[in-house]
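Below is target.csv, holding CSV, C-alpha atoms.
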chain,number,residue,atom,x,y,z
A,260,MET,CA,6.7,49.0,22.6
A,261,PRO,CA,10.0,47.2,21.9
A,262,ASP,CA,11.0,47.2,18.2
A,263,THR,CA,13.8,44.6,18.3
A,264,LYS,CA,14.0,41.7,15.8
A,265,ALA,CA,13.0,39.2,18.4
A,266,PHE,CA,9.8,41.1,19.3
A,267,ARG,CA,8.9,41.6,15.6
A,268,ILE,CA,9.2,37.8,15.1
A,269,GLY,CA,7.0,37.4,18.2
A,270,TYR,CA,4.4,39.8,16.9
A,271,GLY,CA,4.3,37.9,13.6
A,272,ILE,CA,3.8,34.6,15.3
A,273,ILE,CA,1.0,36.1,17.5
A,274,ILE,CA,-0.8,37.5,14.4
A,275,ILE,CA,-0.5,34.2,12.6
A,276,LEU,CA,-2.0,32.3,15.6
A,277,LEU,CA,-4.8,34.8,15.9
A,278,ILE,CA,-5.6,34.4,12.2
A,279,ILE,CA,-5.7,30.6,12.6
A,280,LEU,CA,-7.8,30.9,15.8
A,281,LEU,CA,-10.4,33.2,14.1
A,282,ALA,CA,-10.5,31.1,10.9
A,283,ASN,CA,-11.0,28.0,13.0
A,284,GLN,CA,-14.2,29.5,14.4
A,285,VAL,CA,-15.7,29.3,10.8
A,286,ASN,CA,-16.0,25.5,10.2
A,287,PHE,CA,-16.6,25.7,6.5
A,288,ILE,CA,-13.0,27.0,6.0
A,289,PHE,CA,-11.1,24.2,7.7
A,290,GLN,CA,-13.5,21.3,7.5
A,291,PRO,CA,-12.9,20.7,3.8
A,292,LEU,CA,-9.2,20.8,4.4
A,293,VAL,CA,-9.5,18.3,7.2
A,294,VAL,CA,-11.6,16.0,5.0
A,295,LEU,CA,-9.1,16.4,2.2
A,296,VAL,CA,-6.1,15.5,4.3
A,297,GLN,CA,-7.9,12.5,5.9
A,298,THR,CA,-8.8,11.2,2.5
A,299,LEU,CA,-5.4,11.6,0.8
A,300,PHE,CA,-3.1,10.9,3.8
A,301,PHE,CA,-3.0,7.1,3.7
A,302,PRO,CA,-2.9,6.7,-0.1
A,303,PHE,CA,0.0,9.1,-0.4
A,304,LEU,CA,1.7,7.7,2.7
A,305,LEU,CA,1.6,4.1,1.3
A,306,SER,CA,2.6,5.4,-2.2
A,307,GLY,CA,5.5,7.3,-0.7
A,308,ILE,CA,6.8,4.1,1.1
A,309,LEU,CA,6.5,2.1,-2.1
A,310,PHE,CA,8.1,4.9,-4.1
A,311,TYR,CA,11.3,4.6,-2.0
A,312,LEU,CA,11.2,0.8,-2.2
A,313,PHE,CA,10.8,0.7,-6.0
A,314,ARG,CA,12.7,3.8,-7.2
A,315,PRO,CA,16.1,2.0,-7.1
A,316,LEU,CA,14.7,-0.7,-9.4
A,317,VAL,CA,13.4,1.9,-11.8
A,318,ARG,CA,16.8,3.6,-11.9
A,319,TRP,CA,18.6,0.3,-12.4
A,320,LEU,CA,16.3,-0.6,-15.3
A,321,GLU,CA,16.8,2.9,-16.8
A,322,LYS,CA,20.6,2.3,-16.8
A,323,ARG,CA,19.9,-0.8,-19.0
A,324,LYS,CA,18.3,1.6,-21.6
A,325,ILE,CA,14.7,0.6,-20.7
A,326,PRO,CA,12.3,3.6,-20.8
A,327,ARG,CA,10.9,4.6,-17.5
A,328,THR,CA,7.3,3.9,-18.3
A,329,ILE,CA,8.2,0.3,-19.4
A,330,SER,CA,10.4,-0.1,-16.3
A,331,ILE,CA,7.4,0.8,-14.1
A,332,LEU,CA,5.1,-1.5,-15.9
A,333,LEU,CA,7.6,-4.4,-15.6
A,334,ILE,CA,7.9,-3.7,-11.9
A,335,TYR,CA,4.1,-3.8,-11.6
A,336,LEU,CA,4.0,-7.1,-13.4
A,337,ALA,CA,6.7,-8.5,-11.2
A,338,ILE,CA,4.8,-7.3,-8.1
A,339,PHE,CA,1.5,-8.8,-9.2
A,340,GLY,CA,3.3,-12.1,-10.1
A,341,LEU,CA,5.0,-12.2,-6.7
A,342,LEU,CA,1.7,-11.4,-4.9
A,343,PHE,CA,0.0,-14.2,-6.8
A,344,LEU,CA,2.8,-16.6,-5.9
A,345,LEU,CA,2.7,-15.6,-2.2
A,346,GLY,CA,-1.0,-15.8,-2.2
A,347,SER,CA,-1.1,-19.3,-3.6
A,348,LEU,CA,1.5,-20.4,-1.0
A,349,VAL,CA,0.7,-18.4,2.1
A,350,VAL,CA,-3.1,-17.7,1.9
A,351,PRO,CA,-4.2,-21.4,2.3
A,352,VAL,CA,-2.0,-21.8,5.4
A,353,LEU,CA,-3.2,-18.4,6.8
A,354,GLN,CA,-6.8,-19.3,6.1
A,355,ASP,CA,-6.5,-22.6,7.9
A,356,GLN,CA,-4.9,-21.0,10.9
A,357,LEU,CA,-7.5,-18.2,11.0
A,358,THR,CA,-10.3,-20.7,10.7
A,359,HIS,CA,-8.8,-22.8,13.4
A,360,LEU,CA,-8.2,-19.7,15.6
A,361,ILE,CA,-11.9,-18.6,15.2
A,362,GLN,CA,-13.2,-22.1,16.0
A,363,ASN,CA,-11.0,-22.4,19.1
A,364,LEU,CA,-11.5,-18.9,20.3
A,365,PRO,CA,-14.0,-19.8,23.0
A,366,ALA,CA,-11.8,-22.6,24.2
A,367,ILE,CA,-8.8,-20.3,24.2
A,368,THR,CA,-10.8,-17.7,26.2
A,369,ASP,CA,-11.8,-20.3,28.8
A,370,ALA,CA,-8.3,-21.6,29.1
A,371,ALA,CA,-7.0,-18.0,29.6
A,372,LYS,CA,-9.6,-17.5,32.4
A,373,GLU,CA,-8.6,-20.7,34.1
A,374,GLU,CA,-4.9,-19.7,33.8
A,375,LEU,CA,-5.6,-16.3,35.3
A,376,ILE,CA,-7.6,-17.8,38.1
A,377,ARG,CA,-4.7,-20.3,38.8
A,378,TRP,CA,-2.2,-17.5,38.8
A,379,SER,CA,-4.4,-15.4,41.1
A,380,HIS,CA,-4.2,-18.0,43.8
A,381,HIS,CA,-0.4,-18.0,43.7
A,382,PRO,CA,1.0,-16.6,47.0
A,383,TRP,CA,3.2,-14.0,45.4
A,384,VAL,CA,0.4,-12.7,43.3
A,385,SER,CA,-2.2,-12.7,46.1
A,386,ASP,CA,0.2,-10.9,48.5
A,387,ASN,CA,1.4,-8.2,46.1
A,388,LEU,CA,-1.4,-7.5,43.7
A,389,ASP,CA,-5.0,-6.4,44.3
A,390,TRP,CA,-6.4,-9.1,42.0
A,391,LYS,CA,-10.1,-8.1,42.5
A,392,LYS,CA,-9.4,-4.6,41.4
A,393,ILE,CA,-7.4,-5.8,38.3
A,394,MET,CA,-10.2,-8.2,37.3
A,395,THR,CA,-12.8,-5.4,37.8
A,396,TYR,CA,-10.8,-3.1,35.6
A,397,VAL,CA,-10.4,-5.8,32.9
A,398,THR,CA,-14.1,-6.7,33.0
A,399,ASN,CA,-15.1,-3.0,32.7
A,400,TYR,CA,-12.7,-2.5,29.9
A,401,LEU,CA,-14.0,-5.5,28.0
A,402,ASN,CA,-17.6,-4.5,28.5
A,403,SER,CA,-16.9,-0.9,27.3
A,404,SER,CA,-15.0,-2.4,24.3
A,405,TYR,CA,-17.9,-4.6,23.4
A,406,LYS,CA,-20.3,-1.6,23.6
A,407,ALA,CA,-17.9,0.5,21.5
A,408,ILE,CA,-17.7,-2.3,18.9
A,409,GLY,CA,-21.5,-2.7,18.8
A,410,ALA,CA,-21.9,1.1,18.4
A,411,ASN,CA,-19.4,1.2,15.5
A,412,VAL,CA,-20.6,-1.8,13.5
A,413,ALA,CA,-22.3,0.6,11.2
A,414,ASN,CA,-18.9,2.2,10.3
A,415,PHE,CA,-17.4,-1.2,9.2
A,416,PHE,CA,-18.5,-0.8,5.6
A,417,GLN,CA,-17.2,2.7,5.5
A,418,VAL,CA,-13.8,1.5,6.7
A,419,LEU,CA,-13.9,-1.3,4.2
A,420,ALA,CA,-14.7,1.1,1.4
A,421,ASN,CA,-11.8,3.4,2.4
A,422,ILE,CA,-9.4,0.4,2.4
A,423,VAL,CA,-10.7,-0.6,-1.1
A,424,MET,CA,-10.2,3.0,-2.3
A,425,VAL,CA,-6.6,3.0,-0.9
A,426,PHE,CA,-5.7,-0.1,-2.9
A,427,ILE,CA,-7.3,1.2,-6.0
A,428,THR,CA,-5.7,4.7,-5.9
A,429,VAL,CA,-2.2,3.7,-4.7
A,430,PRO,CA,-1.1,2.1,-8.0
A,431,PHE,CA,-2.0,5.2,-9.9
A,432,ILE,CA,-0.4,7.6,-7.4
A,433,LEU,CA,2.7,5.4,-7.3
A,434,TYR,CA,3.0,5.3,-11.1
A,435,PHE,CA,3.1,9.1,-11.3
A,436,MET,CA,5.5,9.3,-8.4
A,437,LEU,CA,7.9,6.9,-10.0
A,438,LYS,CA,7.5,8.6,-13.4
A,439,GLU,CA,7.7,12.2,-12.3
A,440,GLY,CA,9.4,12.0,-8.9
A,441,ASP,CA,12.8,13.2,-10.1
A,442,ARG,CA,11.2,16.5,-11.3
A,443,PHE,CA,10.0,17.4,-7.8
A,444,PRO,CA,13.3,18.9,-6.5
A,445,ARG,CA,13.5,21.1,-9.6
A,446,PHE,CA,9.9,22.2,-9.1
A,447,ILE,CA,10.8,23.2,-5.4
A,448,LEU,CA,14.1,24.9,-6.3
A,449,GLN,CA,12.6,27.1,-8.9
A,450,TRP,CA,10.8,29.1,-6.1
A,451,LEU,CA,14.1,29.8,-4.4
A,452,PRO,CA,16.5,32.7,-5.4
A,453,GLU,CA,19.2,31.4,-7.7
A,454,LYS,CA,22.0,31.9,-5.2
A,455,GLU,CA,20.1,29.8,-2.6
A,456,ARG,CA,19.4,26.8,-4.9
A,457,ASP,CA,22.6,24.9,-4.1
A,458,GLN,CA,21.8,25.0,-0.4
A,459,GLY,CA,18.2,24.0,-1.2
A,460,LEU,CA,19.4,21.1,-3.3
A,461,ARG,CA,21.6,19.8,-0.5
A,462,ILE,CA,18.7,20.0,2.0
A,463,LEU,CA,16.4,18.1,-0.4
A,464,SER,CA,19.1,15.5,-1.1
A,465,ASP,CA,19.8,14.9,2.6
A,466,MET,CA,16.1,14.6,3.3
A,467,ASP,CA,15.6,12.2,0.5
A,468,PHE,CA,18.6,10.1,1.7
A,469,ALA,CA,17.3,10.0,5.3
A,470,LEU,CA,13.8,9.0,4.3
A,471,SER,CA,15.0,6.4,1.8
A,472,SER,CA,17.5,4.8,4.2
A,473,TYR,CA,14.9,4.6,7.0
A,474,ILE,CA,12.0,3.2,4.9
A,475,LYS,CA,14.0,0.6,3.0
A,476,GLY,CA,16.0,-0.4,6.0
A,477,GLN,CA,13.1,-0.7,8.4
A,478,ILE,CA,10.9,-2.7,6.0
A,479,LEU,CA,13.7,-5.1,5.0
A,480,VAL,CA,14.6,-5.6,8.7
A,481,SER,CA,11.0,-6.3,9.6
A,482,VAL,CA,10.6,-8.9,6.9
A,483,CYS,CA,13.8,-10.6,8.0
A,484,VAL,CA,12.6,-10.7,11.6
A,485,GLY,CA,9.2,-12.0,10.5
A,486,VAL,CA,10.8,-14.9,8.6
A,487,LEU,CA,13.2,-15.7,11.5
A,488,VAL,CA,10.3,-15.7,14.0
A,489,TYR,CA,8.2,-17.9,11.7
A,490,ILE,CA,11.0,-20.4,11.4
A,491,GLY,CA,11.5,-20.4,15.1
A,492,TYR,CA,7.8,-20.9,15.8
A,493,LEU,CA,7.6,-23.8,13.4
A,494,ILE,CA,10.6,-25.4,15.1
A,495,ILE,CA,9.1,-25.2,18.6
A,496,GLY,CA,5.6,-26.2,17.3
A,497,LEU,CA,3.7,-23.1,18.3
A,498,GLU,CA,0.1,-22.9,17.0
A,499,TYR,CA,-0.9,-20.1,14.7
A,500,SER,CA,2.8,-19.6,13.8
A,501,LEU,CA,2.1,-17.8,10.5
A,502,ILE,CA,-0.4,-15.3,12.0
A,503,LEU,CA,1.9,-14.6,15.0
A,504,ALA,CA,4.9,-14.1,12.7
A,505,ILE,CA,3.0,-11.7,10.5
A,506,ILE,CA,2.0,-9.7,13.6
A,507,THR,CA,5.6,-9.6,14.7
A,508,MET,CA,6.7,-8.5,11.2
A,509,PHE,CA,4.3,-5.5,11.2
A,510,THR,CA,4.9,-4.4,14.8
A,511,ASN,CA,8.7,-4.6,14.2
A,512,VAL,CA,8.4,-1.4,12.0
A,513,ILE,CA,8.0,0.5,15.3
A,514,PRO,CA,11.5,1.0,16.8
A,515,PHE,CA,12.3,-0.5,20.2
A,516,LEU,CA,8.7,-1.0,21.2
A,517,GLY,CA,7.7,-3.1,18.2
A,518,PRO,CA,9.5,-6.3,19.1
A,519,PHE,CA,7.9,-6.4,22.5
A,520,LEU,CA,4.4,-5.7,21.1
A,521,GLY,CA,4.8,-8.5,18.6
A,522,THR,CA,5.9,-11.0,21.2
A,523,ILE,CA,2.9,-10.4,23.5
A,524,PRO,CA,0.3,-12.4,21.3
A,525,ALA,CA,2.8,-15.3,21.0
A,526,VAL,CA,3.3,-15.4,24.7
A,527,ILE,CA,-0.4,-15.4,25.3
A,528,VAL,CA,-0.9,-18.4,22.9
A,529,ALA,CA,2.1,-20.2,24.5
A,530,LEU,CA,0.8,-19.5,28.0
A,531,ILE,CA,-2.4,-21.4,27.2
A,532,ASP,CA,-0.3,-24.3,25.9
A,533,SER,CA,2.2,-24.7,28.8
A,534,PRO,CA,4.8,-22.7,30.7
A,535,GLY,CA,7.5,-24.5,28.8
A,536,MET,CA,6.2,-23.2,25.5
A,537,VAL,CA,6.4,-19.6,27.0
A,538,VAL,CA,10.0,-20.2,27.6
A,539,LYS,CA,10.5,-21.5,24.0
A,540,VAL,CA,8.7,-18.4,22.6
A,541,LEU,CA,10.8,-16.1,24.6
A,542,VAL,CA,14.0,-17.9,23.4
A,543,VAL,CA,12.8,-17.6,19.8
A,544,ALA,CA,12.1,-13.9,20.2
A,545,ILE,CA,15.5,-13.2,21.9
A,546,VAL,CA,17.4,-15.2,19.3
A,547,ALA,CA,15.6,-13.4,16.4
A,548,GLN,CA,16.2,-9.9,18.0
A,549,GLN,CA,19.9,-10.8,18.6
A,550,ILE,CA,20.3,-11.8,14.9
A,551,GLU,CA,18.5,-8.7,13.8
A,552,GLY,CA,20.4,-6.3,16.1
A,553,ASN,CA,23.9,-7.7,15.5
A,554,LEU,CA,23.7,-8.9,11.9
A,555,VAL,CA,20.7,-7.7,9.9
A,556,SER,CA,20.3,-4.1,11.0
A,557,PRO,CA,24.0,-3.2,10.7
A,558,LEU,CA,24.1,-4.6,7.2
A,559,VAL,CA,20.8,-3.2,6.0
A,560,MET,CA,20.5,0.2,7.9
A,561,GLY,CA,23.9,0.9,9.4
A,562,LYS,CA,23.9,4.2,11.3
A,563,SER,CA,22.5,6.4,8.4
A,564,LEU,CA,20.1,8.3,10.6
A,565,ASN,CA,22.6,9.0,13.4
A,566,ILE,CA,19.8,9.3,16.1
A,567,HIS,CA,20.6,8.4,19.7
A,568,PRO,CA,18.5,5.5,21.1
A,569,LEU,CA,17.3,7.6,24.0
A,570,THR,CA,16.1,10.2,21.6
A,571,ILE,CA,14.1,7.5,19.7
A,572,ILE,CA,12.5,6.3,22.9
A,573,VAL,CA,11.5,9.8,23.9
A,574,LEU,CA,10.1,10.4,20.5
A,575,LEU,CA,8.0,7.2,20.6
A,576,LEU,CA,6.7,8.0,24.0
A,577,VAL,CA,5.6,11.6,23.1
A,578,ALA,CA,4.3,10.7,19.6
A,579,GLY,CA,2.4,7.7,20.9
A,580,SER,CA,0.7,9.7,23.6
A,581,LEU,CA,-0.2,12.6,21.2
A,582,VAL,CA,-1.1,10.7,18.0
A,583,GLY,CA,-1.4,7.0,19.0
A,584,PHE,CA,-0.2,4.2,16.7
A,585,LEU,CA,0.3,6.5,13.7
A,586,GLY,CA,2.7,8.6,15.8
A,587,LEU,CA,4.8,5.5,16.6
A,588,LEU,CA,5.2,4.8,12.9
A,589,LEU,CA,6.0,8.4,11.8
A,590,ALA,CA,7.9,9.8,14.8
A,591,VAL,CA,11.4,8.7,13.7
A,592,PRO,CA,11.2,9.5,10.0
A,593,VAL,CA,9.6,12.9,10.7
A,594,TYR,CA,12.3,13.7,13.3
A,595,ALA,CA,15.0,12.6,10.8
A,596,VAL,CA,13.7,15.0,8.1
A,597,ALA,CA,13.3,17.8,10.6
A,598,LYS,CA,16.8,17.3,11.9
A,599,VAL,CA,18.2,17.5,8.4
A,600,VAL,CA,16.3,20.7,7.6
A,601,LEU,CA,17.1,22.4,10.9
A,602,SER,CA,20.8,21.5,10.7
A,603,HIS,CA,21.1,22.9,7.2
A,604,LEU,CA,19.2,26.1,8.1
A,605,TYR,CA,21.4,26.6,11.2
A,606,ARG,CA,24.5,26.1,9.1
A,607,PHE,CA,23.1,28.6,6.6
A,608,PHE,CA,22.3,31.1,9.3
A,609,LEU,CA,25.9,30.9,10.7
A,610,LEU,CA,27.3,31.3,7.2
A,611,ARG,CA,25.2,34.4,6.6
A,612,ARG,CA,26.2,35.8,9.9
A,613,ARG,CA,29.9,35.4,9.2
A,614,GLN,CA,29.4,37.0,5.8
A,615,LYS,CA,27.7,40.1,7.4
A,616,ARG,CA,30.5,40.4,9.9
A,617,ALA,CA,33.1,40.1,7.2
A,618,GLU,CA,31.3,42.8,5.1
A,619,GLY,CA,31.0,45.0,8.2
How would this structure read if it were set down as structure tokens?
Amino acid sequence: MPDTKAFRIGYGIIIILLIILLANQVNFIFQPLVVLVQTLFFPFLLSGILFYLFRPLVRWLEKRKIPRTISILLIYLAIFGLLFLLGSLVVPVLQDQLTHLIQNLPAITDAAKEELIRWSHHPWVSDNLDWKKIMTYVTNYLNSSYKAIGANVANFFQVLANIVMVFITVPFILYFMLKEGDRFPRFILQWLPEKERDQGLRILSDMDFALSSYIKGQILVSVCVGVLVYIGYLIIGLEYSLILAIITMFTNVIPFLGPFLGTIPAVIVALIDSPGMVVKVLVVAIVAQQIEGNLVSPLVMGKSLNIHPLTIIVLLLVAGSLVGFLGLLLAVPVYAVAKVVLSHLYRFFLLRRRQKRAEG
């Protein structure tokens, strides 16, 4: 059998895969790990996002000679005060719009049906689309969705309990991240040989910079887009403006696809109102995205990740197909970190190769 370096690496990979395959046949080995990951993933994910948002504030307060523990507690007090203020201002409006939306949902559904029927009789639609097949597909999808919802009603309280647990555990996890986070690189580097620690520190620093830039930039940009869209919807008089703006703000976290996904609910609401309102909604969406693309994003994010737009689109398509919505959220930051690690390792490999050639 061949005994080259490439084949030895291949043998090692095959052995590792066989071990994983055999271990996976024994459920009690991997099942606890799966449950552990599922339980801790979202609290640590949310805590990590908040960590990168609030760490600059902690460091700024430390430079003012305020102890780190006091700094974190001051930030917590400020967050709770801000949430209370926003709650007192936003929650009543949001509650009124939600109540109005729930009350008018049957009327909205009927209006949507009438609009679809009217569009189905349009010559272009009837000549180019098999409307009966589309309506059959939509009806079957809705029926299956209702059945799925009915079958999963029992899981509602479990999901609710998980959400409550996330909001209870995140403040504690975030506290220790902010307090002990600067020690993490030293903990990782102590496992490396002393001569490799400088290289390891550069990798960790670049990873930290990539994640920090992406998270802070994407959240700030999304908030700005949400505010711009909300102002625009108020100007044109669109119903449920706050709800639709919040949807746009959250979907804008997804690169490229997010703005389109956030505009769809607003277009549906506007379509029920009038075709003219649809045009106004599209104008608001285009103006908001132009301001975001030409003013907000360059100022907030710049080109820190240095990822080509086509690469981002491919990542979103692949990650969305494999993992779903979570893949859309995590594809770009995961790729940014992997790109940093692989680029450093490749550079390190080339440096080692040159050293061996020089010694030889």
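Compared by their closest atoms to Ile502 of chain A, and using all atoms listed in the file, the residues A:Val484, A:Leu581, A:Ile275, A:Val352 rank with A:Val352 nearest.
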I'd like the neighbourhood of segment 432-435 of chain A as a PDB file with C-alpha atoms, keeping the file's coordinate frame, where a residue qualifies if any of its atoms comes within 8 Å (using all atoms listed in the file), though same-chain residues fewer than 3 positions away should be ignored.
ATOM      1  CA  PRO A 302      -2.900   6.700  -0.100  1.00  0.00           C
ATOM      2  CA  PHE A 303       0.000   9.100  -0.400  1.00  0.00           C
ATOM      3  CA  SER A 306       2.600   5.400  -2.200  1.00  0.00           C
ATOM      4  CA  GLY A 307       5.500   7.300  -0.700  1.00  0.00           C
ATOM      5  CA  LEU A 309       6.500   2.100  -2.100  1.00  0.00           C
ATOM      6  CA  PHE A 310       8.100   4.900  -4.100  1.00  0.00           C
ATOM      7  CA  ILE A 331       7.400   0.800 -14.100  1.00  0.00           C
ATOM      8  CA  THR A 428      -5.700   4.700  -5.900  1.00  0.00           C
ATOM      9  CA  VAL A 429      -2.200   3.700  -4.700  1.00  0.00           C
ATOM     10  CA  LYS A 438       7.500   8.600 -13.400  1.00  0.00           C
ATOM     11  CA  GLU A 439       7.700  12.200 -12.300  1.00  0.00           C
ATOM     12  CA  GLY A 440       9.400  12.000  -8.900  1.00  0.00           C
TER      13      GLY A 440
END
Coordinates-based distance that separates atom CA of Ile478 of chain A from atom CA of Tyr492 of chain A (Å, one decimal): 20.9 Å
Met536 of chain A environment, 9 Å, all atoms listed in the file, sequence neighbours closer than 6 positions dropped, as a list in words: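 Everything that qualifies: Ile495, Gly496, Leu497, Val526, Val528, Ala529 and Leu530 of chain A.
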Separation of atom CA of Leu604 of chain A from atom CA of Asp467 of chain A in Å: 16.2 Å
Between atom CA of Ile462 of chain A and atom CA of Ile447 of chain A - distance in Å to one decimal: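 Separation of atom CA of Ile447 of chain A and atom CA of Ile462 of chain A: 11.3 Å.
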Ref. answer, residues at most 12 Å from (11.9, 3.8, -14.6) with all atoms listed in the file, as JSON, numbers by chain: {"A": [310, 313, 314, 315, 316, 317, 318, 319, 320, 321, 322, 323, 324, 325, 326, 327, 328, 329, 330, 331, 332, 333, 334, 335, 433, 434, 435, 436, 437, 438, 439, 440, 441]}
For the residues selected in the previous step, produce a file with C-alpha atoms as a compact mmCIF listing (two decimals), in the frame of the given file.
# COMPACT_ATOMS: atom_id res chain seq x y z
CA PHE A 310 8.10 4.90 -4.10
CA PHE A 313 10.80 0.70 -6.00
CA ARG A 314 12.70 3.80 -7.20
CA PRO A 315 16.10 2.00 -7.10
CA LEU A 316 14.70 -0.70 -9.40
CA VAL A 317 13.40 1.90 -11.80
CA ARG A 318 16.80 3.60 -11.90
CA TRP A 319 18.60 0.30 -12.40
CA LEU A 320 16.30 -0.60 -15.30
CA GLU A 321 16.80 2.90 -16.80
CA LYS A 322 20.60 2.30 -16.80
CA ARG A 323 19.90 -0.80 -19.00
CA LYS A 324 18.30 1.60 -21.60
CA ILE A 325 14.70 0.60 -20.70
CA PRO A 326 12.30 3.60 -20.80
CA ARG A 327 10.90 4.60 -17.50
CA THR A 328 7.30 3.90 -18.30
CA ILE A 329 8.20 0.30 -19.40
CA SER A 330 10.40 -0.10 -16.30
CA ILE A 331 7.40 0.80 -14.10
CA LEU A 332 5.10 -1.50 -15.90
CA LEU A 333 7.60 -4.40 -15.60
CA ILE A 334 7.90 -3.70 -11.90
CA TYR A 335 4.10 -3.80 -11.60
CA LEU A 433 2.70 5.40 -7.30
CA TYR A 434 3.00 5.30 -11.10
CA PHE A 435 3.10 9.10 -11.30
CA MET A 436 5.50 9.30 -8.40
CA LEU A 437 7.90 6.90 -10.00
CA LYS A 438 7.50 8.60 -13.40
CA GLU A 439 7.70 12.20 -12.30
CA GLY A 440 9.40 12.00 -8.90
CA ASP A 441 12.80 13.20 -10.10
Among the residues A:Val599, A:Ile494, A:Leu295, A:Val423, the one that comes closest to Lys539 of chain A [using only C-alpha atoms]: A:Ile494
Nearest to Leu601 of chain A, chosen from A:Gly269, A:Phe301, A:Met466, A:Phe339, with all atoms listed in the file counted in the distances: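 Closest candidate: A:Met466.
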Pick from A:Phe515, A:Ser347, A:Ile272, A:Leu576 nearest to Gly552 of chain A, counting all atoms listed in the file: A:Phe515
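The list of residues with at least one atom within 8 Å of Thr507 of chain A, based on all atoms listed in the file and without residues fewer than 5 positions apart in the same chain, reads Val484, Gly485, Val488, Gly517, Pro518, Leu520, Gly521 and Thr522 of chain A.
Shortest separation to Val543 of chain A among A:Leu487, A:Ile273, A:Leu516, A:Val593 occurs at residue A:Leu487, atoms counted being all atoms listed in the file.
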Given all atoms listed in the file as the counted atoms, nearest of A:Asp532, A:Glu551, A:Asp465, A:Glu498 to Ala597 of chain A: A:Asp465
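For the point (4.4, 11.8, 14.6), the residues with at least one atom inside 12 Å, counting only C-alpha atoms, are A:Ile513, A:Ile571, A:Val573, A:Leu574, A:Leu575, A:Leu576, A:Val577, A:Ala578, A:Gly579, A:Ser580, A:Leu581, A:Val582, A:Gly583, A:Phe584, A:Leu585, A:Gly586, A:Leu587, A:Leu588, A:Leu589, A:Ala590, A:Val591, A:Pro592, A:Val593, A:Tyr594, A:Ala595, A:Val596, A:Ala597.
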